[in-house]
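Shown next: run-v7.txt, containing compact mmCIF, N, CA and C atoms.
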```
# COMPACT_ATOMS: atom_id res chain seq x y z
N MET E 1 -2.19 -5.81 -17.44
CA MET E 1 -2.16 -4.35 -17.46
C MET E 1 -1.13 -3.92 -18.50
N ARG E 2 -1.59 -3.09 -19.45
CA ARG E 2 -0.70 -2.57 -20.47
C ARG E 2 -0.22 -1.20 -20.05
N LEU E 3 1.06 -0.94 -20.27
CA LEU E 3 1.66 0.35 -19.94
C LEU E 3 2.16 1.00 -21.22
N ILE E 4 2.05 2.33 -21.27
CA ILE E 4 2.49 3.08 -22.45
C ILE E 4 3.48 4.14 -22.02
N ASN E 5 4.59 4.23 -22.75
CA ASN E 5 5.60 5.25 -22.50
C ASN E 5 5.08 6.58 -23.07
N ILE E 6 5.02 7.62 -22.24
CA ILE E 6 4.54 8.92 -22.70
C ILE E 6 5.68 9.93 -22.77
N GLY E 7 6.90 9.44 -22.72
CA GLY E 7 8.07 10.29 -22.85
C GLY E 7 8.85 10.44 -21.57
N PHE E 8 10.18 10.55 -21.70
CA PHE E 8 11.11 10.76 -20.60
C PHE E 8 11.00 9.67 -19.54
N GLY E 9 10.69 8.46 -19.96
CA GLY E 9 10.61 7.34 -19.04
C GLY E 9 9.34 7.29 -18.22
N ASN E 10 8.39 8.16 -18.52
CA ASN E 10 7.10 8.15 -17.82
C ASN E 10 6.16 7.18 -18.51
N ILE E 11 5.45 6.42 -17.69
CA ILE E 11 4.59 5.37 -18.21
C ILE E 11 3.22 5.48 -17.56
N VAL E 12 2.17 5.29 -18.36
CA VAL E 12 0.80 5.31 -17.84
C VAL E 12 0.10 4.01 -18.22
N SER E 13 -0.92 3.69 -17.48
CA SER E 13 -1.71 2.49 -17.74
C SER E 13 -2.65 2.77 -18.91
N ALA E 14 -2.55 1.95 -19.95
CA ALA E 14 -3.38 2.15 -21.15
C ALA E 14 -4.86 1.94 -20.85
N GLY E 15 -5.17 1.07 -19.94
CA GLY E 15 -6.55 0.79 -19.61
C GLY E 15 -7.27 1.92 -18.91
N ARG E 16 -6.53 2.86 -18.38
CA ARG E 16 -7.13 3.98 -17.65
C ARG E 16 -7.34 5.21 -18.52
N LEU E 17 -6.81 5.19 -19.76
CA LEU E 17 -6.93 6.36 -20.63
C LEU E 17 -8.30 6.42 -21.29
N VAL E 18 -8.86 7.62 -21.29
CA VAL E 18 -10.14 7.86 -21.95
C VAL E 18 -9.91 8.56 -23.28
N ALA E 19 -8.97 9.52 -23.30
CA ALA E 19 -8.72 10.28 -24.52
C ALA E 19 -7.28 10.78 -24.56
N ILE E 20 -6.79 10.98 -25.78
CA ILE E 20 -5.49 11.60 -26.02
C ILE E 20 -5.76 12.74 -26.98
N VAL E 21 -5.56 13.98 -26.52
CA VAL E 21 -5.93 15.14 -27.32
C VAL E 21 -4.78 16.14 -27.40
N SER E 22 -4.90 17.05 -28.34
CA SER E 22 -3.94 18.13 -28.50
C SER E 22 -4.32 19.28 -27.56
N PRO E 23 -3.35 20.00 -27.02
CA PRO E 23 -3.65 21.08 -26.06
C PRO E 23 -3.98 22.42 -26.70
N GLU E 24 -4.20 22.46 -28.00
CA GLU E 24 -4.33 23.72 -28.72
C GLU E 24 -5.64 24.46 -28.46
N SER E 25 -6.74 23.76 -28.25
CA SER E 25 -8.03 24.44 -28.16
C SER E 25 -8.29 25.03 -26.78
N ALA E 26 -9.14 26.03 -26.76
CA ALA E 26 -9.49 26.70 -25.50
C ALA E 26 -10.18 25.76 -24.51
N PRO E 27 -11.09 24.89 -24.95
CA PRO E 27 -11.71 23.97 -23.97
C PRO E 27 -10.70 23.04 -23.30
N ILE E 28 -9.71 22.58 -24.04
CA ILE E 28 -8.69 21.70 -23.45
C ILE E 28 -7.83 22.49 -22.47
N ARG E 29 -7.50 23.71 -22.83
CA ARG E 29 -6.73 24.56 -21.91
C ARG E 29 -7.51 24.81 -20.62
N ARG E 30 -8.82 24.96 -20.76
CA ARG E 30 -9.67 25.15 -19.58
C ARG E 30 -9.67 23.89 -18.71
N ILE E 31 -9.74 22.73 -19.36
CA ILE E 31 -9.69 21.46 -18.62
C ILE E 31 -8.37 21.34 -17.86
N ILE E 32 -7.27 21.74 -18.51
CA ILE E 32 -5.95 21.69 -17.86
C ILE E 32 -5.92 22.60 -16.65
N GLN E 33 -6.43 23.82 -16.79
CA GLN E 33 -6.42 24.78 -15.67
C GLN E 33 -7.30 24.29 -14.52
N GLU E 34 -8.46 23.73 -14.84
CA GLU E 34 -9.34 23.21 -13.78
C GLU E 34 -8.68 22.05 -13.04
N ALA E 35 -7.99 21.19 -13.78
CA ALA E 35 -7.28 20.07 -13.15
C ALA E 35 -6.16 20.58 -12.27
N ARG E 36 -5.46 21.61 -12.71
CA ARG E 36 -4.38 22.20 -11.92
C ARG E 36 -4.95 22.76 -10.61
N ASP E 37 -6.08 23.44 -10.70
CA ASP E 37 -6.71 24.02 -9.51
C ASP E 37 -7.18 22.95 -8.53
N LYS E 38 -7.65 21.81 -9.05
CA LYS E 38 -8.14 20.73 -8.19
C LYS E 38 -7.03 19.79 -7.73
N GLY E 39 -5.82 19.97 -8.23
CA GLY E 39 -4.72 19.07 -7.87
C GLY E 39 -4.78 17.74 -8.59
N MET E 40 -5.41 17.72 -9.74
CA MET E 40 -5.57 16.49 -10.51
C MET E 40 -4.69 16.48 -11.78
N LEU E 41 -3.74 17.42 -11.87
CA LEU E 41 -2.89 17.54 -13.03
C LEU E 41 -1.56 16.85 -12.79
N ILE E 42 -1.13 16.05 -13.75
CA ILE E 42 0.18 15.40 -13.70
C ILE E 42 0.98 15.92 -14.89
N ASP E 43 2.04 16.66 -14.60
CA ASP E 43 2.85 17.26 -15.66
C ASP E 43 4.08 16.38 -15.90
N ALA E 44 4.07 15.66 -17.02
CA ALA E 44 5.18 14.77 -17.37
C ALA E 44 5.98 15.33 -18.54
N THR E 45 6.01 16.67 -18.67
CA THR E 45 6.69 17.30 -19.80
C THR E 45 8.14 17.63 -19.52
N TYR E 46 8.54 17.61 -18.26
CA TYR E 46 9.91 17.98 -17.86
C TYR E 46 10.29 19.36 -18.37
N GLY E 47 9.34 20.30 -18.32
CA GLY E 47 9.60 21.67 -18.71
C GLY E 47 9.52 21.94 -20.19
N ARG E 48 9.25 20.92 -20.96
CA ARG E 48 9.14 21.11 -22.41
C ARG E 48 7.70 21.49 -22.78
N ARG E 49 7.51 21.80 -24.03
CA ARG E 49 6.20 22.21 -24.53
C ARG E 49 5.23 21.03 -24.46
N THR E 50 4.02 21.29 -23.99
CA THR E 50 2.98 20.26 -23.93
C THR E 50 2.46 20.00 -25.33
N ARG E 51 2.52 18.76 -25.75
CA ARG E 51 2.05 18.40 -27.08
C ARG E 51 0.87 17.44 -27.05
N ALA E 52 0.69 16.74 -25.93
CA ALA E 52 -0.44 15.82 -25.81
C ALA E 52 -1.02 15.93 -24.41
N VAL E 53 -2.32 15.85 -24.34
CA VAL E 53 -3.04 15.85 -23.07
C VAL E 53 -3.76 14.51 -22.98
N LEU E 54 -3.45 13.76 -21.94
CA LEU E 54 -4.06 12.45 -21.74
C LEU E 54 -5.09 12.57 -20.63
N ILE E 55 -6.30 12.14 -20.92
CA ILE E 55 -7.38 12.22 -19.94
C ILE E 55 -7.64 10.81 -19.43
N ALA E 56 -7.56 10.65 -18.11
CA ALA E 56 -7.74 9.34 -17.49
C ALA E 56 -9.16 9.21 -16.95
N ASP E 57 -9.57 7.98 -16.73
CA ASP E 57 -10.92 7.72 -16.22
C ASP E 57 -11.09 8.17 -14.77
N SER E 58 -10.01 8.48 -14.10
CA SER E 58 -10.07 8.96 -12.71
C SER E 58 -10.12 10.48 -12.65
N ASP E 59 -10.35 11.14 -13.79
CA ASP E 59 -10.38 12.60 -13.93
C ASP E 59 -9.01 13.24 -13.78
N HIS E 60 -7.94 12.46 -13.77
CA HIS E 60 -6.60 13.02 -13.80
C HIS E 60 -6.30 13.46 -15.23
N ILE E 61 -5.57 14.55 -15.35
CA ILE E 61 -5.14 15.07 -16.64
C ILE E 61 -3.61 14.96 -16.65
N ILE E 62 -3.07 14.32 -17.69
CA ILE E 62 -1.64 14.08 -17.79
C ILE E 62 -1.11 14.84 -18.99
N LEU E 63 -0.08 15.65 -18.77
CA LEU E 63 0.53 16.40 -19.85
C LEU E 63 1.78 15.68 -20.32
N SER E 64 1.95 15.59 -21.64
CA SER E 64 3.10 14.91 -22.22
C SER E 64 3.74 15.78 -23.29
N ALA E 65 5.05 15.67 -23.44
CA ALA E 65 5.77 16.40 -24.47
C ALA E 65 5.85 15.62 -25.78
N VAL E 66 5.19 14.48 -25.84
CA VAL E 66 5.17 13.64 -27.03
C VAL E 66 3.89 13.94 -27.81
N GLN E 67 3.98 13.90 -29.13
CA GLN E 67 2.82 14.16 -29.99
C GLN E 67 1.69 13.16 -29.71
N PRO E 68 0.43 13.60 -29.80
CA PRO E 68 -0.70 12.68 -29.57
C PRO E 68 -0.67 11.47 -30.52
N GLU E 69 -0.25 11.70 -31.76
CA GLU E 69 -0.19 10.60 -32.72
C GLU E 69 0.83 9.54 -32.29
N THR E 70 1.94 10.00 -31.71
CA THR E 70 2.97 9.08 -31.24
C THR E 70 2.45 8.23 -30.09
N VAL E 71 1.76 8.87 -29.15
CA VAL E 71 1.19 8.12 -28.02
C VAL E 71 0.17 7.12 -28.53
N ALA E 72 -0.69 7.55 -29.48
CA ALA E 72 -1.71 6.66 -30.03
C ALA E 72 -1.06 5.49 -30.77
N ASN E 73 0.01 5.76 -31.52
CA ASN E 73 0.71 4.68 -32.22
C ASN E 73 1.32 3.69 -31.23
N ARG E 74 1.86 4.20 -30.14
CA ARG E 74 2.42 3.30 -29.12
C ARG E 74 1.32 2.44 -28.50
N LEU E 75 0.16 3.04 -28.31
CA LEU E 75 -0.98 2.30 -27.76
C LEU E 75 -1.43 1.23 -28.75
N ASN E 76 -1.57 1.61 -30.02
CA ASN E 76 -2.01 0.66 -31.04
C ASN E 76 -1.00 -0.45 -31.28
N SER E 77 0.29 -0.13 -31.27
CA SER E 77 1.29 -1.16 -31.49
C SER E 77 1.32 -2.13 -30.32
N LYS E 78 1.10 -1.64 -29.13
CA LYS E 78 1.04 -2.49 -27.94
C LYS E 78 -0.15 -3.44 -28.05
N GLU E 79 -1.30 -2.93 -28.51
CA GLU E 79 -2.49 -3.77 -28.65
C GLU E 79 -2.30 -4.84 -29.71
N SER E 80 -1.66 -4.46 -30.84
CA SER E 80 -1.45 -5.45 -31.90
C SER E 80 -0.45 -6.51 -31.48
N GLU E 81 0.56 -6.13 -30.68
CA GLU E 81 1.51 -7.11 -30.16
C GLU E 81 0.80 -8.10 -29.26
N LEU E 82 -0.11 -7.59 -28.44
CA LEU E 82 -0.83 -8.46 -27.52
C LEU E 82 -1.76 -9.40 -28.28
N SER E 83 -2.46 -8.89 -29.28
CA SER E 83 -3.40 -9.74 -30.00
C SER E 83 -2.68 -10.79 -30.83
N SER E 84 -1.53 -10.46 -31.40
CA SER E 84 -0.79 -11.45 -32.18
C SER E 84 -0.01 -12.41 -31.29
N GLY E 85 0.29 -12.00 -30.08
CA GLY E 85 1.06 -12.85 -29.16
C GLY E 85 0.20 -13.66 -28.23
N ASP E 86 -1.11 -13.60 -28.40
CA ASP E 86 -2.02 -14.30 -27.51
C ASP E 86 -2.36 -15.72 -27.98
N GLU E 87 -1.55 -16.24 -28.86
CA GLU E 87 -1.81 -17.60 -29.34
C GLU E 87 -1.57 -18.56 -28.19
N VAL E 88 -2.55 -19.40 -27.97
CA VAL E 88 -2.48 -20.35 -26.87
C VAL E 88 -2.20 -21.72 -27.45
N ASN E 89 -1.17 -22.36 -26.95
CA ASN E 89 -0.84 -23.71 -27.36
C ASN E 89 -1.49 -24.68 -26.39
N ILE E 90 -2.38 -25.48 -26.91
CA ILE E 90 -3.08 -26.45 -26.08
C ILE E 90 -2.49 -27.83 -26.36
N ASP E 91 -1.99 -28.45 -25.32
CA ASP E 91 -1.41 -29.77 -25.45
C ASP E 91 -2.54 -30.80 -25.28
N GLU E 92 -2.95 -31.41 -26.39
CA GLU E 92 -4.06 -32.33 -26.35
C GLU E 92 -3.64 -33.74 -25.92
N SER E 93 -2.37 -33.95 -25.66
CA SER E 93 -1.91 -35.28 -25.28
C SER E 93 -2.22 -35.61 -23.82
N LYS E 94 -2.67 -34.61 -23.07
CA LYS E 94 -2.96 -34.85 -21.64
C LYS E 94 -4.37 -35.32 -21.43
```
Just dump the structure as structure tokens.
Amino acid sequence: MRLINIGFGNIVSAGRLVAIVSPESAPIRRIIQEARDKGMLIDATYGRRTRAVLIADSDHIILSAVQPETVANRLNSKESELSSGDEVNIDESK
């Protein structure tokens, strides 16, 4: 399970994320309001301006004060670390 820091020590499971979007458009704002009404909104901004909206496969909406590009870069760097660190040493002497 890969975890990604979304700011202020908050961490989410990378495998559960469907999308990372900016909160600027009206449809995204509508999604945020609907999630708030249904109790599916997780606000991880600590009172700061929302800069990224993370959509999870469980229909939870997560608000972050970190830029979407930053979250995506953290996700990509985590994936590249895993792929480069997955070298398996096979001991053929056994």
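Of the listed residues (E:Ile61, E:Ile42, E:Leu3, E:Val71), E:Ile61 comes nearest to E:Ile28; the distances count only C-alpha atoms.
Between atom CA of E:Glu69 and atom C of E:Ser22 there is a distance of 10.9 Å.
Within chain E, the backbone-based DSSP assignment of strand (DSSP E or B) covers Leu3, Ile4, Asn5, Ile6, Gly7, Asn10, Ile11, Val12, Ser13, Leu17, Val18, Ala19, Ile20, Val21, Leu41, Ile42, Asp43, Ala44, Ala52, Val53, Leu54, Ile55, Ala56, Ile61, Ile62, Leu63 and Ser64 of chain E.
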A straight line from atom CA of E:Ser77 to atom CA of E:Ser64 spans 18.6 Å
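A straight-line distance of 9.3 Å separates atom CA of E:Val53 from atom C of E:Ile31.
Selecting by distance to (-10.0, 4.2, -14.7) with a limit of 6 Å and using all atoms listed in the file, one obtains E:Gly15, E:Arg16, E:Ala56, E:Asp57, E:Ser58.
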